[in-house]
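*Asks:* Input structure: my_file_36.cif, which contains mmCIF, C-alpha atoms.
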```
data_structure
#
loop_
_atom_site.label_atom_id
_atom_site.label_comp_id
_atom_site.auth_asym_id
_atom_site.auth_seq_id
_atom_site.Cartn_x
_atom_site.Cartn_y
_atom_site.Cartn_z
CA GLY Q 1 24.25 6.34 -12.98
CA ASP Q 2 24.20 5.51 -9.30
CA SER Q 3 22.65 2.22 -8.32
CA VAL Q 4 22.21 -0.24 -5.49
CA THR Q 5 22.04 -4.00 -5.97
CA GLN Q 6 20.59 -6.15 -3.23
CA MET Q 7 20.40 -9.83 -2.65
CA GLU Q 8 17.22 -11.18 -4.18
CA GLY Q 9 14.64 -12.52 -1.80
CA PRO Q 10 12.67 -13.87 -0.27
CA VAL Q 11 14.89 -15.10 2.53
CA THR Q 12 13.46 -17.54 5.05
CA LEU Q 13 15.35 -18.38 8.24
CA SER Q 14 14.68 -20.14 11.49
CA GLU Q 15 14.76 -18.16 14.71
CA GLU Q 16 18.30 -17.62 16.06
CA ALA Q 17 19.88 -18.21 12.65
CA PHE Q 18 22.58 -15.92 11.26
CA LEU Q 19 21.46 -13.37 8.70
CA THR Q 20 23.37 -11.80 5.84
CA ILE Q 21 21.73 -9.62 3.20
CA ASN Q 22 24.20 -8.56 0.54
CA CYS Q 23 24.26 -5.03 -0.84
CA THR Q 24 26.66 -3.54 -3.37
CA TYR Q 25 26.60 -0.12 -4.95
CA THR Q 26 27.92 1.92 -7.83
CA ALA Q 27 28.29 5.65 -7.39
CA THR Q 28 30.07 8.47 -9.15
CA GLY Q 29 30.97 10.10 -5.86
CA TYR Q 30 31.46 9.16 -2.25
CA PRO Q 31 28.09 8.08 -0.92
CA SER Q 32 26.53 7.71 2.48
CA LEU Q 33 24.97 4.28 2.90
CA PHE Q 34 21.80 3.23 4.70
CA TRP Q 35 19.68 0.26 5.60
CA TYR Q 36 15.97 0.86 6.01
CA VAL Q 37 13.42 -1.66 7.28
CA GLN Q 38 9.75 -1.87 6.37
CA TYR Q 39 7.47 -3.90 8.61
CA PRO Q 40 4.21 -5.19 7.09
CA GLY Q 41 1.82 -2.39 6.21
CA GLU Q 42 4.11 0.35 7.50
CA GLY Q 43 6.46 3.00 6.14
CA LEU Q 44 10.23 2.75 6.12
CA GLN Q 45 12.31 3.13 9.24
CA LEU Q 46 15.99 3.90 9.25
CA LEU Q 47 17.81 0.89 10.66
CA LEU Q 48 21.43 2.02 10.44
CA LYS Q 49 23.78 4.15 8.41
CA ALA Q 50 27.46 4.76 7.60
CA THR Q 51 28.91 7.90 6.09
CA LYS Q 52 32.52 6.98 5.35
CA ALA Q 53 34.71 4.02 4.52
CA ASP Q 54 35.20 1.45 7.28
CA ASP Q 55 32.38 2.95 9.35
CA LYS Q 56 30.19 0.33 11.00
CA GLY Q 57 26.54 1.14 11.49
CA SER Q 58 24.68 -0.84 14.13
CA ASN Q 59 21.21 -0.95 15.66
CA LYS Q 60 18.97 -3.59 17.26
CA GLY Q 61 21.66 -6.25 16.81
CA PHE Q 62 22.06 -5.50 13.10
CA GLU Q 63 25.40 -4.37 11.70
CA ALA Q 64 26.78 -3.24 8.36
CA THR Q 65 30.29 -2.08 7.47
CA TYR Q 66 31.01 0.42 4.68
CA ARG Q 67 33.57 -1.32 2.45
CA LYS Q 68 34.87 1.07 -0.16
CA GLU Q 69 37.24 -1.47 -1.71
CA THR Q 70 34.40 -3.86 -2.50
CA THR Q 71 31.69 -1.15 -2.77
CA SER Q 72 29.57 -3.14 -0.35
CA PHE Q 73 27.39 -2.60 2.72
CA HIS Q 74 26.18 -6.05 3.71
CA LEU Q 75 23.63 -6.31 6.53
CA GLU Q 76 24.25 -8.92 9.23
CA LYS Q 77 22.65 -10.14 12.43
CA GLY Q 78 23.94 -12.93 14.56
CA SER Q 79 20.61 -14.28 15.78
CA VAL Q 80 17.37 -13.29 14.11
CA GLN Q 81 13.98 -13.21 15.79
CA VAL Q 82 10.47 -13.66 14.43
CA SER Q 83 9.97 -9.91 14.98
CA ASP Q 84 12.73 -9.20 12.43
CA SER Q 85 10.46 -10.39 9.64
CA ALA Q 86 10.23 -7.42 7.28
CA VAL Q 87 11.50 -6.03 3.99
CA TYR Q 88 15.01 -4.58 4.14
CA PHE Q 89 16.20 -1.87 1.76
CA CYS Q 90 19.76 -0.80 1.10
CA ALA Q 91 20.16 2.78 -0.10
CA LEU Q 92 22.77 5.39 -0.92
CA SER Q 93 22.83 9.17 -0.92
CA LEU Q 94 25.35 11.45 -2.55
CA ILE Q 95 26.34 14.92 -1.46
CA SER Q 96 27.08 15.63 -5.11
CA SER Q 97 23.36 15.35 -5.87
CA GLY Q 98 23.05 18.77 -4.30
CA SER Q 99 20.88 19.86 -1.41
CA ALA Q 100 18.17 17.39 -2.41
CA ARG Q 101 20.37 14.36 -1.65
CA GLN Q 102 17.98 11.90 -3.16
CA LEU Q 103 18.15 8.33 -1.96
CA THR Q 104 18.78 5.58 -4.45
CA PHE Q 105 17.23 2.34 -3.18
CA GLY Q 106 17.85 -1.29 -3.85
CA SER Q 107 14.87 -3.45 -4.73
CA GLY Q 108 14.38 -4.71 -1.19
CA THR Q 109 14.80 -8.14 0.39
CA GLN Q 110 11.88 -9.85 2.08
CA LEU Q 111 12.96 -11.66 5.26
CA THR Q 112 10.73 -14.17 7.00
CA VAL Q 113 11.84 -15.67 10.31
CA LEU Q 114 10.07 -18.83 11.41
CA PRO Q 115 9.69 -19.82 15.08
CA SER H 1 11.04 16.16 18.04
CA GLN H 2 10.13 15.96 14.40
CA THR H 3 7.15 14.00 13.15
CA ILE H 4 5.70 13.30 9.73
CA HIS H 5 2.04 12.59 9.01
CA GLN H 6 0.46 11.16 5.92
CA TRP H 7 -3.21 10.76 5.17
CA PRO H 8 -5.29 9.00 4.37
CA ALA H 9 -3.75 5.68 5.38
CA THR H 10 -5.75 3.79 2.77
CA LEU H 11 -7.74 4.92 -0.22
CA VAL H 12 -9.82 3.16 -2.83
CA GLN H 13 -10.60 5.19 -5.93
CA PRO H 14 -12.19 4.46 -9.30
CA VAL H 15 -10.24 4.87 -12.53
CA GLY H 16 -10.49 8.42 -13.81
CA SER H 17 -11.15 10.00 -10.44
CA PRO H 18 -8.94 12.73 -8.95
CA LEU H 19 -6.42 12.20 -6.17
CA SER H 20 -5.02 14.26 -3.34
CA LEU H 21 -2.62 12.82 -0.78
CA GLU H 22 -1.27 15.02 1.93
CA CYS H 23 1.93 14.97 3.93
CA THR H 24 2.90 17.33 6.73
CA VAL H 25 6.01 17.57 8.84
CA GLU H 26 6.18 19.05 12.31
CA GLY H 27 9.08 20.16 14.44
CA THR H 28 11.38 21.39 11.68
CA SER H 29 11.60 24.19 9.15
CA ASN H 30 12.56 24.25 5.48
CA PRO H 31 12.93 20.49 5.16
CA ASN H 32 13.53 18.68 1.90
CA LEU H 33 10.39 16.71 1.10
CA TYR H 34 9.98 13.62 -1.07
CA TRP H 35 7.23 11.47 -2.57
CA TYR H 36 7.94 7.82 -3.38
CA ARG H 37 5.80 5.06 -4.84
CA GLN H 38 6.22 1.41 -4.01
CA ALA H 39 4.44 -0.96 -6.37
CA ALA H 40 3.43 -4.34 -4.98
CA GLY H 41 6.47 -6.52 -4.34
CA ARG H 42 8.88 -3.94 -5.72
CA GLY H 43 11.29 -1.29 -4.54
CA LEU H 44 10.80 2.42 -4.09
CA GLN H 45 10.60 4.85 -6.96
CA LEU H 46 11.23 8.53 -6.28
CA LEU H 47 8.41 10.56 -7.84
CA PHE H 48 9.00 14.14 -6.69
CA TYR H 49 11.17 16.11 -4.34
CA SER H 50 11.13 19.66 -3.08
CA VAL H 51 13.86 21.76 -1.50
CA GLY H 52 11.58 24.70 -0.69
CA ILE H 53 8.12 26.23 -0.96
CA GLY H 54 6.87 26.16 -4.53
CA GLN H 55 9.94 24.24 -5.76
CA ILE H 56 9.10 20.84 -7.20
CA SER H 57 11.38 18.48 -9.11
CA SER H 58 9.90 15.55 -10.97
CA GLU H 59 11.87 12.36 -11.38
CA VAL H 60 9.59 10.43 -13.71
CA PRO H 61 6.99 11.50 -16.27
CA GLN H 62 3.49 10.46 -15.28
CA ASN H 63 -0.01 11.73 -14.66
CA LEU H 64 0.81 12.70 -11.09
CA SER H 65 1.83 16.14 -9.85
CA ALA H 66 3.10 17.54 -6.59
CA SER H 67 2.78 20.86 -4.83
CA ARG H 68 4.27 22.48 -1.77
CA PRO H 69 1.94 25.29 -0.74
CA GLN H 70 3.51 25.67 2.70
CA ASP H 71 6.94 24.99 4.12
CA ARG H 72 5.97 21.74 5.81
CA GLN H 73 3.18 20.56 3.53
CA PHE H 74 3.64 18.36 0.49
CA ILE H 75 0.70 17.26 -1.65
CA LEU H 76 0.55 14.57 -4.32
CA SER H 77 -2.25 14.97 -6.86
CA SER H 78 -3.75 13.58 -10.00
CA LYS H 79 -6.59 14.82 -12.18
CA LYS H 80 -7.47 11.36 -13.52
CA LEU H 81 -6.18 8.19 -11.92
CA LEU H 82 -5.02 5.18 -13.93
CA LEU H 83 -5.01 1.54 -12.86
CA SER H 84 -1.22 1.70 -12.90
CA ASP H 85 -1.29 4.34 -10.17
CA SER H 86 -2.11 1.69 -7.58
CA GLY H 87 0.59 1.29 -4.96
CA PHE H 88 1.94 2.37 -1.64
CA TYR H 89 2.86 6.06 -1.52
CA LEU H 90 5.44 7.23 0.95
CA CYS H 91 6.36 10.75 1.96
CA ALA H 92 9.74 11.52 3.49
CA TRP H 93 11.61 14.50 4.86
CA ARG H 94 15.23 15.36 5.40
CA GLN H 95 17.18 18.30 6.77
CA GLY H 96 20.85 19.08 7.03
CA ASN H 97 22.97 15.97 7.31
CA GLN H 98 20.17 13.81 8.66
CA PRO H 99 18.99 10.77 6.73
CA GLN H 100 15.51 10.71 5.24
CA HIS H 101 12.64 9.90 7.58
CA PHE H 102 9.48 8.35 6.22
CA GLY H 103 5.81 8.58 6.99
CA ASP H 104 3.57 5.55 7.46
CA GLY H 105 2.42 5.63 3.86
CA THR H 106 -0.88 5.64 1.96
CA ARG H 107 -2.08 2.46 0.30
CA LEU H 108 -3.91 3.44 -2.89
CA SER H 109 -6.07 0.95 -4.75
CA ILE H 110 -7.57 1.85 -8.11
CA LEU H 111 -10.67 -0.03 -9.22
#
```
As structure tokens - that is how I would like this structure written.
*Replies:*
Amino acid sequence: GDSVTQMEGPVTLSEEAFLTINCTYTATGYPSLFWYVQYPGEGLQLLLKATKADDKGSNKGFEATYRKETTSFHLEKGSVQVSDSAVYFCALSLISSGSARQLTFGSGTQLTVLP
Amino acid sequence: SQTIHQWPATLVQPVGSPLSLECTVEGTSNPNLYWYRQAAGRGLQLLFYSVGIGQISSEVPQNLSASRPQDRQFILSSKKLLLSDSGFYLCAWRQGNQPQHFGDGTRLSIL
């Protein structure tokens, strides 16, 4: 079945450090890929997305490139801030799943940024 | 613009009691609606989804049920809660080619 594998956390970085959170997927079709962020005590917010190979999603300094050849969608940020501390989820959605287009999530990666 | 509301934000219930969590979406029509559960320190598990009024698909067997009595209303229920039902419950909606958008969640603690 379809699945998403994320880098295990927790990840702890100092402010202004470079961030990479790895995400790889397996899918029977051609998925759309997403990163969601969950701040403490809140719901999930869409951070960025990519719908086809070589697309780069970007938002708030975060970037991820859809790599079909490596089935990856790694999240990167050049300089993290304390306010980026949150749980990050990689997810995929397949058109072939019909009109429901369920999301398949990774297990989440807890990021803590220290001042 | 579209908004999604979940309530209550937090809930503490005894084992064996009933449950009703409500989710409503505004600013759109005929959305797909979803219920997820997030256990402490874990990822999200899709519980139910609905593509229309009265249409409910269940992803995992459990003592929870869902209903969609109106186009933009999605309710998660249980007749008798178990300790294992504790968690963070998230409602989401989607329409067309948009990604899913989530509510703020309900934190449910079972005592």
*Asks:* Using the chain letters and numbers from the file, which residues does the PyMOL selection byres ((chain H and resi 53) around 6) grab, as a VMD selection string?
*Replies:* chain H and resid 52 54 to 55 68 70 to 71
*Asks:* Selection from above, C-alpha atoms, as a PDB file, in the coordinates of the input, can you write it?
*Replies:*
```pdb
ATOM      1  CA  GLY H  52      11.580  24.700  -0.690  1.00  0.00           C
ATOM      2  CA  GLY H  54       6.870  26.160  -4.530  1.00  0.00           C
ATOM      3  CA  GLN H  55       9.940  24.240  -5.760  1.00  0.00           C
ATOM      4  CA  ARG H  68       4.270  22.480  -1.770  1.00  0.00           C
ATOM      5  CA  GLN H  70       3.510  25.670   2.700  1.00  0.00           C
ATOM      6  CA  ASP H  71       6.940  24.990   4.120  1.00  0.00           C
TER       7      ASP H  71
END
```
*Asks:* Please provide the set of residues having any atom within 9 Å of His101 in chain H, restricted to all atoms listed in the file, with same-chain residues fewer than 2 positions apart removed, written as a PDB file with C-alpha atoms, keeping the file's coordinate frame.
*Replies:*
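Result file follows (out-v1.pdb):
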```pdb
ATOM      1  CA  LEU Q  44      10.230   2.750   6.120  1.00  0.00           C
ATOM      2  CA  GLN Q  45      12.310   3.130   9.240  1.00  0.00           C
ATOM      3  CA  LEU Q  46      15.990   3.900   9.250  1.00  0.00           C
TER       4      LEU Q  46
ATOM      5  CA  THR H   3       7.150  14.000  13.150  1.00  0.00           C
ATOM      6  CA  ILE H   4       5.700  13.300   9.730  1.00  0.00           C
ATOM      7  CA  CYS H  91       6.360  10.750   1.960  1.00  0.00           C
ATOM      8  CA  ALA H  92       9.740  11.520   3.490  1.00  0.00           C
ATOM      9  CA  TRP H  93      11.610  14.500   4.860  1.00  0.00           C
ATOM     10  CA  ARG H  94      15.230  15.360   5.400  1.00  0.00           C
ATOM     11  CA  GLN H  98      20.170  13.810   8.660  1.00  0.00           C
ATOM     12  CA  PRO H  99      18.990  10.770   6.730  1.00  0.00           C
ATOM     13  CA  GLY H 103       5.810   8.580   6.990  1.00  0.00           C
TER      14      GLY H 103
END
```
*Asks:* Just to confirm, what's the straight-line distance from CA of Leu47 in chain H to CA of Trp35 in chain Q in Å (one decimal)?
*Replies:*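 So the two atoms, CA of Leu47 in chain H and CA of Trp35 in chain Q, lie 20.3 Å apart.
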*Asks:* Can you spell out as a list in words the set of residues that the PyMOL selection byres ((chain Q and resi 73) around 6) selects in the structure I just provided?
*Replies:*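 Here the PyMOL selection byres ((chain Q and resi 73) around 6) matches Cys23, Ala64, Thr65, Tyr66, Ser72 and His74 of chain Q.
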*Asks:* Kindly save the residues from that selection, with C-alpha atoms included, as a compact mmCIF listing (two decimals), in the frame of the given file.
*Replies:*
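Saved to part-v4.txt:
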```
# COMPACT_ATOMS: atom_id res chain seq x y z
CA CYS Q 23 24.26 -5.03 -0.84
CA ALA Q 64 26.78 -3.24 8.36
CA THR Q 65 30.29 -2.08 7.47
CA TYR Q 66 31.01 0.42 4.68
CA SER Q 72 29.57 -3.14 -0.35
CA HIS Q 74 26.18 -6.05 3.71
```
*Asks:* Which residues, named as in the file, does the PyMOL selection byres ((chain H) within 7 of (chain Q)) pick out? Answer as a list of chain:residue names.
*Replies:*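 When the PyMOL selection byres ((chain H) within 7 of (chain Q)) is applied to the shown file, the picked residues are H:Asn32, H:Arg42, H:Gly43, H:Leu44, H:Val51, H:Leu90, H:His101, H:Phe102, H:Gly103, H:Asp104, H:Gly105.
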*Asks:* Mind giving me the straight-line distance from CA of Ser20 in chain H to CA of Ala40 in chain H in Å, one decimal?
*Replies:*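 For CA of Ser20 in chain H relative to CA of Ala40 in chain H, the distance reads 20.5 Å.
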